[in-house]
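This is entry-v1.csv (CSV, C-alpha atoms and all ligand atoms).
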```
chain,number,residue,atom,x,y,z
A,1,MET,CA,65.2,207.5,24.6
A,2,ASN,CA,63.2,206.6,21.5
A,3,SER,CA,64.7,203.2,20.6
A,4,ALA,CA,64.4,199.7,22.0
A,5,ARG,CA,67.0,197.0,22.2
A,6,ILE,CA,65.9,193.5,21.1
A,7,GLN,CA,67.4,190.1,20.9
A,8,LEU,CA,66.3,188.6,17.7
A,9,PHE,CA,65.7,184.9,17.2
A,10,GLN,CA,66.8,183.9,13.7
A,11,GLY,CA,66.0,180.2,13.8
A,12,PRO,CA,67.3,177.0,15.5
A,13,GLY,CA,71.0,176.7,15.7
A,14,ARG,CA,71.7,180.4,15.0
A,15,PRO,CA,72.9,182.9,17.6
A,16,PHE,CA,70.6,185.7,18.7
A,17,GLU,CA,71.2,189.0,17.0
A,18,SER,CA,71.3,192.2,19.2
A,19,ARG,CA,69.4,195.0,17.4
A,20,THR,CA,68.2,198.5,18.1
A,21,VAL,CA,64.8,199.4,16.7
A,22,PRO,CA,62.7,202.6,16.9
A,23,LEU,CA,60.0,202.8,19.5
A,24,PRO,CA,56.5,203.4,17.9
A,25,ASP,CA,55.8,207.1,17.2
A,26,ARG,CA,52.4,206.7,18.6
A,27,LEU,CA,50.2,204.0,20.2
A,28,HIS,CA,46.9,202.8,19.0
A,29,PRO,CA,43.9,203.0,21.3
A,30,GLY,CA,44.2,200.4,24.0
A,31,GLU,CA,47.9,199.9,23.6
A,32,ILE,CA,50.5,200.3,26.4
A,33,LEU,CA,54.2,200.7,25.9
A,34,VAL,CA,56.1,199.0,28.7
A,35,GLU,CA,59.8,199.1,29.6
A,36,ILE,CA,60.8,195.6,30.8
A,37,SER,CA,62.4,195.4,34.2
A,38,LEU,CA,62.9,191.7,34.4
A,39,ALA,CA,62.2,188.7,32.2
A,40,THR,CA,62.5,185.0,33.0
A,41,VAL,CA,63.3,182.2,30.6
A,42,CYS,CA,60.4,179.7,30.3
A,43,GLY,CA,61.3,176.1,29.4
A,44,SER,CA,59.1,176.4,26.3
A,45,ASP,CA,61.6,178.8,24.8
A,46,LEU,CA,64.2,176.0,24.9
A,47,HIS,CA,61.9,174.0,22.7
A,48,THR,CA,61.7,176.9,20.2
A,49,VAL,CA,65.4,177.5,20.2
A,50,SER,CA,66.2,173.8,19.6
A,51,GLY,CA,63.6,173.6,16.8
A,52,ARG,CA,61.3,171.1,18.6
A,53,ARG,CA,58.6,173.8,18.5
A,54,GLY,CA,58.1,176.0,15.5
A,55,ALA,CA,58.2,179.8,15.6
A,56,PRO,CA,58.0,182.5,12.9
A,57,THR,CA,61.4,184.0,12.3
A,58,PRO,CA,62.8,186.5,12.9
A,59,CYS,CA,61.0,187.2,16.1
A,60,VAL,CA,61.5,188.3,19.7
A,61,LEU,CA,61.0,185.4,22.1
A,62,GLY,CA,60.2,185.6,25.8
A,63,HIS,CA,56.8,185.8,27.5
A,64,GLU,CA,57.4,185.9,31.2
A,65,ALA,CA,58.1,189.4,32.5
A,66,ILE,CA,57.3,192.5,34.6
A,67,GLY,CA,57.8,196.1,33.6
A,68,ARG,CA,56.9,199.8,33.9
A,69,VAL,CA,54.5,201.7,31.8
A,70,VAL,CA,56.3,204.2,29.5
A,71,ALA,CA,53.2,205.4,27.5
A,72,SER,CA,49.6,204.4,27.5
A,73,GLU,CA,46.6,204.8,25.3
A,74,ARG,CA,44.5,202.7,27.7
A,75,PRO,CA,42.4,204.5,30.4
A,76,GLY,CA,43.6,203.6,34.0
A,77,PHE,CA,47.3,203.1,33.1
A,78,THR,CA,49.9,205.9,33.5
A,79,GLU,CA,53.6,206.3,33.1
A,80,GLY,CA,55.7,204.7,35.7
A,81,GLN,CA,53.2,202.1,36.8
A,82,ARG,CA,54.5,198.6,37.5
A,83,VAL,CA,52.6,196.0,35.5
A,84,THR,CA,52.4,192.4,34.4
A,85,TRP,CA,50.1,191.0,31.7
A,86,THR,CA,48.6,187.9,30.1
A,87,LEU,CA,50.8,186.1,27.6
A,88,ALA,CA,47.8,185.9,25.3
A,89,ASP,CA,46.0,188.8,23.5
A,90,SER,CA,42.3,187.9,22.8
A,91,CYS,CA,39.6,189.5,20.7
A,92,GLY,CA,36.8,189.5,23.3
A,93,GLU,CA,34.2,188.7,20.6
A,94,CYS,CA,34.7,185.2,19.3
A,95,PRO,CA,33.0,182.1,20.8
A,96,ALA,CA,36.2,181.1,22.7
A,97,CYS,CA,36.3,184.6,24.3
A,98,THR,CA,32.6,184.9,25.0
A,99,GLU,CA,30.9,181.5,25.3
A,100,TRP,CA,33.6,178.9,26.1
A,101,ALA,CA,35.3,181.0,28.8
A,102,LEU,CA,38.6,180.1,27.1
A,103,PRO,CA,40.1,183.5,26.0
A,104,GLN,CA,43.5,181.7,25.7
A,105,LYS,CA,42.0,179.8,22.8
A,106,CYS,CA,40.7,182.9,21.1
A,107,LEU,CA,40.1,182.3,17.4
A,108,ARG,CA,42.2,185.4,16.7
A,109,LEU,CA,44.8,184.7,19.3
A,110,PHE,CA,48.1,186.6,19.5
A,111,LYS,CA,50.8,185.3,21.9
A,112,TYR,CA,53.7,187.4,23.1
A,113,GLY,CA,57.1,185.8,22.4
A,114,HIS,CA,55.7,183.8,19.4
A,115,ALA,CA,55.0,186.5,16.8
A,116,ALA,CA,57.0,187.6,13.8
A,117,LEU,CA,59.0,190.8,13.9
A,118,ASN,CA,56.9,192.2,11.1
A,119,ASP,CA,53.7,191.7,13.1
A,120,GLY,CA,52.5,195.0,14.4
A,121,SER,CA,55.1,197.1,16.3
A,122,GLY,CA,57.6,194.2,16.2
A,123,LEU,CA,58.0,194.7,20.0
A,124,ASN,CA,56.2,191.4,20.6
A,125,GLY,CA,58.4,189.5,23.1
A,126,CYS,CA,60.1,190.0,26.5
A,127,TYR,CA,63.7,189.5,25.5
A,128,ALA,CA,63.9,193.2,24.8
A,129,SER,CA,64.0,196.5,26.6
A,130,HIS,CA,60.4,197.3,25.6
A,131,ILE,CA,57.2,195.6,24.6
A,132,VAL,CA,54.0,196.9,23.2
A,133,LEU,CA,50.9,195.5,24.9
A,134,ARG,CA,47.9,195.2,22.6
A,135,PRO,CA,44.3,196.3,23.3
A,136,GLY,CA,43.1,192.7,24.0
A,137,THR,CA,45.8,191.9,26.6
A,138,PHE,CA,44.8,191.9,30.3
A,139,VAL,CA,47.2,194.2,32.1
A,140,LEU,CA,47.5,194.1,35.9
A,141,PRO,CA,49.1,196.6,38.2
A,142,VAL,CA,51.7,195.0,40.5
A,143,PRO,CA,51.9,196.1,44.2
A,144,ASP,CA,55.2,197.7,45.1
A,145,GLY,CA,55.8,195.2,47.9
A,146,LEU,CA,56.1,192.3,45.3
A,147,LYS,CA,59.7,191.9,44.0
A,148,ASP,CA,60.3,191.6,40.3
A,149,ALA,CA,61.8,188.1,40.6
A,150,LEU,CA,58.6,186.8,42.2
A,151,VAL,CA,56.3,188.4,39.6
A,152,ALA,CA,58.2,187.7,36.4
A,153,PRO,CA,57.3,183.9,36.2
A,154,ALA,CA,53.7,184.5,37.3
A,155,ASN,CA,52.3,185.3,33.9
A,156,CYS,CA,53.1,181.8,32.5
A,157,ALA,CA,54.0,179.3,35.1
A,158,LEU,CA,52.1,180.4,38.2
A,159,ALA,CA,48.9,181.5,36.4
A,160,THR,CA,48.8,178.1,34.6
A,161,ILE,CA,49.0,176.3,37.9
A,162,VAL,CA,46.2,178.5,39.3
A,163,ASN,CA,44.1,177.5,36.3
A,164,ALA,CA,45.0,173.8,36.5
A,165,LEU,CA,44.0,173.7,40.2
A,166,GLU,CA,41.1,176.1,40.2
A,167,SER,CA,38.4,173.5,40.9
A,168,LEU,CA,39.3,170.7,43.2
A,169,PRO,CA,37.4,167.5,43.7
A,170,VAL,CA,35.3,167.2,46.9
A,171,PRO,CA,36.8,166.1,49.2
A,172,CYS,CA,40.4,166.9,48.4
A,173,ALA,CA,42.6,166.0,51.3
A,174,THR,CA,45.4,164.4,49.3
A,175,ALA,CA,47.1,165.2,46.0
A,176,LEU,CA,49.8,163.9,43.8
A,177,VAL,CA,52.0,166.3,41.8
A,178,GLN,CA,54.0,164.6,39.1
A,179,GLY,CA,57.0,166.8,38.3
A,180,GLY,CA,59.3,168.7,40.7
A,181,GLY,CA,60.1,171.7,38.4
A,182,LEU,CA,58.8,175.2,38.9
A,183,LEU,CA,55.2,174.3,38.1
A,184,GLY,CA,55.4,171.4,40.5
A,185,LEU,CA,56.7,173.6,43.4
A,186,TYR,CA,54.0,176.2,42.7
A,187,ALA,CA,51.4,173.4,42.7
A,188,CYS,CA,52.6,172.1,46.1
A,189,ALA,CA,52.4,175.5,47.6
A,190,TRP,CA,49.1,176.4,46.0
A,191,LEU,CA,47.4,173.1,47.0
A,192,ARG,CA,48.6,173.5,50.6
A,193,PHE,CA,47.3,177.1,50.5
A,194,ARG,CA,44.0,175.8,49.3
A,195,GLY,CA,43.8,173.5,52.3
A,196,VAL,CA,44.9,170.1,50.9
A,197,GLU,CA,46.5,168.3,53.8
A,198,ARG,CA,49.0,166.0,52.0
A,199,VAL,CA,50.6,166.8,48.7
A,200,PHE,CA,53.0,164.2,47.3
A,201,CYS,CA,55.5,165.3,44.7
A,202,THR,CA,57.3,162.8,42.5
A,203,ASP,CA,60.2,163.3,40.1
A,204,LEU,CA,62.8,161.0,38.6
A,205,SER,CA,65.5,163.4,39.7
A,206,ALA,CA,66.0,163.4,43.5
A,207,GLU,CA,67.8,166.8,43.1
A,208,ARG,CA,64.7,168.3,41.6
A,209,LEU,CA,62.8,167.2,44.8
A,210,SER,CA,65.2,169.1,47.1
A,211,MET,CA,62.9,172.1,47.5
A,212,VAL,CA,59.6,170.3,47.6
A,213,ALA,CA,59.4,170.3,51.4
A,214,GLU,CA,60.1,174.1,51.6
A,215,PHE,CA,57.0,174.6,49.4
A,216,GLY,CA,54.8,172.4,51.6
A,217,GLY,CA,55.0,169.1,49.6
A,218,ILE,CA,56.1,165.6,50.5
A,219,ALA,CA,59.0,164.5,48.2
A,220,MET,CA,58.6,161.1,46.8
A,221,PRO,CA,61.5,159.9,44.5
A,222,ALA,CA,60.0,157.9,41.6
A,223,ASP,CA,61.6,154.6,42.7
A,224,ALA,CA,60.2,151.1,43.0
A,225,GLN,CA,58.6,151.9,46.4
A,226,MET,CA,56.9,155.1,45.3
A,227,LYS,CA,53.5,153.8,44.3
A,228,LYS,CA,53.2,151.6,47.4
A,229,ARG,CA,54.2,154.4,49.7
A,230,ILE,CA,51.7,156.9,48.2
A,231,LEU,CA,48.9,154.4,48.3
A,232,GLU,CA,49.6,153.7,52.0
A,233,GLU,CA,50.1,157.3,53.0
A,234,SER,CA,47.0,158.5,51.2
A,235,GLY,CA,44.7,155.8,52.5
A,236,GLY,CA,44.3,154.0,49.2
A,237,GLY,CA,44.6,156.7,46.6
A,238,VAL,CA,44.8,160.5,46.2
A,239,ASP,CA,41.8,162.7,45.5
A,240,LEU,CA,43.7,164.7,42.8
A,241,ALA,CA,46.6,164.2,40.5
A,242,LEU,CA,48.4,166.8,38.5
A,243,GLU,CA,50.8,166.0,35.6
A,244,VAL,CA,53.5,168.7,35.2
A,245,ALA,CA,56.3,166.3,34.3
A,246,GLY,CA,55.9,166.9,30.5
A,247,THR,CA,56.1,163.1,29.8
A,248,ALA,CA,53.4,160.6,29.1
A,249,ALA,CA,55.4,158.0,30.9
A,250,VAL,CA,53.9,159.1,34.2
A,251,ILE,CA,50.3,158.8,33.2
A,252,PRO,CA,49.8,155.1,34.1
A,253,ASP,CA,51.1,155.8,37.7
A,254,GLY,CA,48.7,158.8,38.0
A,255,ILE,CA,45.7,156.7,37.0
A,256,ALA,CA,46.8,153.9,39.4
A,257,LEU,CA,47.3,156.3,42.3
A,258,LEU,CA,44.0,158.1,42.1
A,259,ARG,CA,41.0,157.1,44.3
A,260,PRO,CA,37.7,156.2,42.6
A,261,GLY,CA,36.0,159.4,41.5
A,262,GLY,CA,39.3,161.3,41.6
A,263,THR,CA,40.4,164.1,39.2
A,264,TYR,CA,43.4,164.0,37.0
A,265,VAL,CA,44.7,167.3,35.5
A,266,TRP,CA,47.2,167.3,32.6
A,267,ALA,CA,49.2,170.5,32.2
A,268,GLY,CA,52.8,169.6,31.3
A,269,MET,CA,52.6,167.5,28.1
A,270,VAL,CA,52.7,170.4,25.7
A,271,HIS,CA,54.4,168.6,22.9
A,272,PRO,CA,53.4,166.0,20.4
A,273,GLN,CA,55.6,163.1,21.7
A,274,THR,CA,53.0,162.2,24.4
A,275,ALA,CA,51.2,159.1,23.1
A,276,LEU,CA,49.6,157.4,26.1
A,277,ASP,CA,49.9,153.8,27.3
A,278,LEU,CA,46.5,153.7,28.8
A,279,THR,CA,43.2,151.7,28.5
A,280,GLY,CA,39.8,153.3,28.5
A,281,GLU,CA,38.7,150.8,31.0
A,282,ALA,CA,41.3,152.0,33.6
A,283,VAL,CA,39.6,155.5,33.4
A,284,LEU,CA,36.0,154.5,33.4
A,285,ARG,CA,36.0,151.8,36.0
A,286,LYS,CA,37.5,154.3,38.4
A,287,CYS,CA,35.0,157.0,37.4
A,288,LEU,CA,37.8,159.4,36.9
A,289,THR,CA,37.6,163.0,35.6
A,290,ILE,CA,40.5,164.0,33.3
A,291,ARG,CA,41.0,167.6,32.5
A,292,GLY,CA,43.5,169.1,30.0
A,293,VAL,CA,44.8,172.6,30.8
A,294,HIS,CA,46.7,174.9,28.5
A,295,ASN,CA,47.6,178.5,29.6
A,296,TYR,CA,45.0,180.4,31.5
A,297,ALA,CA,42.4,183.2,31.6
A,298,PRO,CA,43.0,186.7,32.9
A,299,ARG,CA,41.5,186.0,36.4
A,300,HIS,CA,44.1,183.3,37.1
A,301,LEU,CA,46.9,185.9,36.8
A,302,GLY,CA,45.2,188.1,39.4
A,303,ILE,CA,44.7,185.2,41.7
A,304,GLY,CA,48.4,184.2,41.3
A,305,LEU,CA,49.6,187.7,42.3
A,306,ASP,CA,47.3,187.7,45.3
A,307,PHE,CA,48.8,184.3,46.3
A,308,LEU,CA,52.4,185.6,46.0
A,309,ALA,CA,51.5,188.7,48.1
A,310,ALA,CA,49.9,186.5,50.8
A,311,MET,CA,52.8,184.0,50.9
A,312,GLN,CA,55.9,185.9,50.0
A,313,ASP,CA,57.1,186.1,53.6
A,314,ARG,CA,56.5,182.4,54.3
A,315,LEU,CA,57.8,180.7,51.1
A,316,PRO,CA,61.2,181.0,49.5
A,317,PHE,CA,60.0,182.1,46.1
A,318,GLU,CA,63.2,184.0,45.4
A,319,LYS,CA,65.3,180.8,45.4
A,320,LEU,CA,63.5,179.8,42.2
A,321,VAL,CA,65.0,182.6,40.2
A,322,SER,CA,68.6,183.3,39.3
A,323,PRO,CA,70.4,186.6,39.7
A,324,PRO,CA,69.7,188.6,36.5
A,325,LEU,CA,71.9,188.3,33.5
A,326,PRO,CA,72.1,191.2,31.0
A,327,LEU,CA,69.9,191.0,27.9
A,328,ALA,CA,73.0,190.8,25.7
A,329,ALA,CA,73.8,187.4,27.4
A,330,LEU,CA,70.6,185.7,26.3
A,331,ASP,CA,72.5,182.8,24.7
A,332,GLU,CA,74.1,182.2,28.0
A,333,ALA,CA,70.8,182.5,29.9
A,334,LEU,CA,69.3,179.8,27.6
A,335,ARG,CA,72.3,177.5,28.2
A,336,LEU,CA,72.0,178.1,32.0
A,337,THR,CA,68.3,177.2,31.7
A,338,GLU,CA,69.1,174.0,29.9
A,339,SER,CA,71.7,173.1,32.7
A,340,ARG,CA,68.8,173.2,35.2
A,341,ARG,CA,71.0,175.0,37.7
A,342,TRP,CA,68.0,177.3,38.3
A,343,LEU,CA,64.3,176.8,37.8
A,344,ARG,CA,64.1,180.2,36.2
A,345,VAL,CA,67.0,182.2,34.8
A,346,SER,CA,66.3,185.9,34.8
A,347,ILE,CA,67.3,188.6,32.4
A,348,THR,CA,67.4,192.4,32.8
A,349,PRO,CA,67.6,194.9,29.9
B,1,ZN,ZN,55.9,179.8,29.4
B,2,ZN,ZN,38.4,185.8,20.7
```

Before we go any further, please render this structure as structure tokens.
Amino acid sequence: MNSARIQLFQGPGRPFESRTVPLPDRLHPGEILVEISLATVCGSDLHTVSGRRGAPTPCVLGHEAIGRVVASERPGFTEGQRVTWTLADSCGECPACTEWALPQKCLRLFKYGHAALNDGSGLNGCYASHIVLRPGTFVLPVPDGLKDALVAPANCALATIVNALESLPVPCATALVQGGGLLGLYACAWLRFRGVERVFCTDLSAERLSMVAEFGGIAMPADAQMKKRILEESGGGVDLALEVAGTAAVIPDGIALLRPGGTYVWAGMVHPQTALDLTGEAVLRKCLTIRGVHNYAPRHLGIGLDFLAAMQDRLPFEKLVSPPLPLAALDEALRLTESRRWLRVSITP
């Protein structure tokens, strides 16, 4: 086979176009051609498809996936190997890459699933049968024992949580996770794995809290009693709070529920409609640390896979991902994602 199938995004409100394109004749040094085994639909693609977030068109969307190496011009990678990869390709030379320890903010950043079809090989996204990984992308072999459905969401959702919760305050016995979606469930599981004793998880939707207990968290519906209960059960305020709700409306509660000296991590508000209703005084009188997190560095993906391998027999990660739909049904997969029936809808080419 020397061609790839892609689903081409033409712009908001327009259906995806199925297209067959040639595979590259040859790879450049450092590149790896991967056949995608399974991709999952990240919520951020819904923003792109609806027009809330801009994207160059036409392009191949999709950035969460796992696949097998078809051809490699990178030492250490051979045909047939199962791999996952970072969603960002970084230059390794600019200040963000070398001095700031923020390769995901590389000054020459390339992001899979957000690049025009005429950029490079064109195989730049995961809603396709193949993808070309560039020389500055961190690629990680996947152990055979880890199922595709567990690994596919790791290179966006899970790795972001590992980054967000890499350094915890000392002590950190209690935590609050604001948002019961996929990131919230990963956060509950990861914090418990890191030894945090009590992890409260809030969400406006009681249904979204239904799996919190299975991932080690304590479900707290965001009702009138929520703040009082968390303050009581945490002994006066949590050590750490994490925002993965995607809305600024939860921020005043997070500030109120932290103990003095606590840490607040923001990782969900990745859109402009997030003006804060907050006083500076509320932050400084409590001596809070606030940290913003966007995406992650290569090491966080490796830590995420190790975590999945260690916990896959004890936590129901497979319940987070739908049975796969065919690539040609991408429109349907996006509608299913919007319906929130599954935390991740999966697609197989
Ligand atoms: Zn994503
Ligand atoms: Zn760079």

Local residues around (54.5, 193.7, 36.4), at most 9 Å away, using only C-alpha atoms, as a count of residues only: 20

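Using all atoms listed in the file, the shortest contact distance between Asp239 in chain A and any of A:Leu276, A:His271, A:Arg299, A:Val177 is found at A:Val177.
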
For CA of Ala248 in chain A and CA of Gly179 in chain A, the interatomic separation in Å (one decimal):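 About the pair CA of Ala248 in chain A and CA of Gly179 in chain A: they are 11.7 Å apart.
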
Selected residue, from A:Tyr264, A:Phe9, A:Tyr112, A:Tyr186, that lies nearest to Val132 in chain A when counting only C-alpha atoms: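 Nearest to Val132 in chain A: A:Tyr112.
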
Env. residues ligand ZN 1 (chain B) / 8 Å / all atoms listed in the file / as a count of residues only: 10

Contact check, chain A to ligand ZN 2 (chain B), at most 8 Å, counting all atoms listed in the file, closest pairs as JSON lines:
```
{"residue": "A:Ser90", "atom": "CA", "partner": "B:ZN2", "partner_atom": "ZN", "distance": 4.9}
{"residue": "A:Cys91", "atom": "CA", "partner": "B:ZN2", "partner_atom": "ZN", "distance": 3.9}
{"residue": "A:Gly92", "atom": "CA", "partner": "B:ZN2", "partner_atom": "ZN", "distance": 4.8}
{"residue": "A:Glu93", "atom": "CA", "partner": "B:ZN2", "partner_atom": "ZN", "distance": 5.1}
{"residue": "A:Cys94", "atom": "CA", "partner": "B:ZN2", "partner_atom": "ZN", "distance": 4.0}
{"residue": "A:Pro95", "atom": "CA", "partner": "B:ZN2", "partner_atom": "ZN", "distance": 6.5}
{"residue": "A:Ala96", "atom": "CA", "partner": "B:ZN2", "partner_atom": "ZN", "distance": 5.6}
{"residue": "A:Cys97", "atom": "CA", "partner": "B:ZN2", "partner_atom": "ZN", "distance": 4.3}
{"residue": "A:Thr98", "atom": "CA", "partner": "B:ZN2", "partner_atom": "ZN", "distance": 7.3}
{"residue": "A:Pro103", "atom": "CA", "partner": "B:ZN2", "partner_atom": "ZN", "distance": 6.0}
{"residue": "A:Lys105", "atom": "CA", "partner": "B:ZN2", "partner_atom": "ZN", "distance": 7.3}
{"residue": "A:Cys106", "atom": "CA", "partner": "B:ZN2", "partner_atom": "ZN", "distance": 3.7}
{"residue": "A:Leu107", "atom": "CA", "partner": "B:ZN2", "partner_atom": "ZN", "distance": 5.1}
{"residue": "A:Arg108", "atom": "CA", "partner": "B:ZN2", "partner_atom": "ZN", "distance": 5.5}
{"residue": "A:Leu109", "atom": "CA", "partner": "B:ZN2", "partner_atom": "ZN", "distance": 6.6}
```

If you keep C-alpha atoms, can you produce a file of those selected residues as a compact mmCIF listing (two decimals), in the frame of the given file?
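out.txt, freshly written:
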```
# COMPACT_ATOMS: atom_id res chain seq x y z
CA SER A 90 42.30 187.90 22.80
CA CYS A 91 39.60 189.50 20.70
CA GLY A 92 36.80 189.50 23.30
CA GLU A 93 34.20 188.70 20.60
CA CYS A 94 34.70 185.20 19.30
CA PRO A 95 33.00 182.10 20.80
CA ALA A 96 36.20 181.10 22.70
CA CYS A 97 36.30 184.60 24.30
CA THR A 98 32.60 184.90 25.00
CA PRO A 103 40.10 183.50 26.00
CA LYS A 105 42.00 179.80 22.80
CA CYS A 106 40.70 182.90 21.10
CA LEU A 107 40.10 182.30 17.40
CA ARG A 108 42.20 185.40 16.70
CA LEU A 109 44.80 184.70 19.30
```

Pairwise distance for CA of Leu8 in chain A and CA of Leu87 in chain A, rounded to one decimal in Å: 18.6 Å

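Minimum distance to Arg198 in chain A across A:Cys59, A:Ile255, A:Leu102, A:Ala173 (counting all atoms listed in the file) occurs at A:Ala173.
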
Which of A:Thr348, A:Thr247, A:Thr289, A:Asn124 sits closest to Pro260 in chain A [using all atoms listed in the file]: A:Thr289

A:Gly268, A:Gly184, A:Gly217, A:Gly54 ranked by distance to Phe200 in chain A, top pick (using only C-alpha atoms):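 Answer, going by the shortest atom-to-atom distance: A:Gly217.
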
Considering all atoms listed in the file, return as a PDB file with C-alpha atoms, in the coordinates of the input whatever protein or nucleic-acid residues lie within 12 Å of Ala275 in chain A, sequence-local ones (same chain, fewer than 6 positions apart) excluded.
```
ATOM      1  CA  GLY A 246      55.900 166.900  30.500  1.00  0.00           C
ATOM      2  CA  THR A 247      56.100 163.100  29.800  1.00  0.00           C
ATOM      3  CA  ALA A 248      53.400 160.600  29.100  1.00  0.00           C
ATOM      4  CA  ALA A 249      55.400 158.000  30.900  1.00  0.00           C
ATOM      5  CA  VAL A 250      53.900 159.100  34.200  1.00  0.00           C
ATOM      6  CA  ILE A 251      50.300 158.800  33.200  1.00  0.00           C
ATOM      7  CA  PRO A 252      49.800 155.100  34.100  1.00  0.00           C
ATOM      8  CA  MET A 269      52.600 167.500  28.100  1.00  0.00           C
TER       9      MET A 269
END
```

Minimum-distance residue to Pro135 in chain A, chosen among A:Asp223, A:Glu73, A:Glu79, A:Asp331 (using all atoms listed in the file):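 Answer, going by the shortest atom-to-atom distance: A:Glu73.
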
Who sits within 12 Å of range 225-237 of chain A, all atoms listed in the file, same chain under 6 positions skipped, as JSON, numbers by chain: {"A": [172, 173, 174, 175, 176, 177, 178, 196, 197, 198, 199, 200, 201, 202, 203, 204, 218, 219, 250, 252, 253, 254, 255, 256, 257, 258, 259, 260, 261, 262, 263, 286]}

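For the pair CA of Thr48 in chain A and CA of Gly13 in chain A, the interatomic distance is 10.3 Å.
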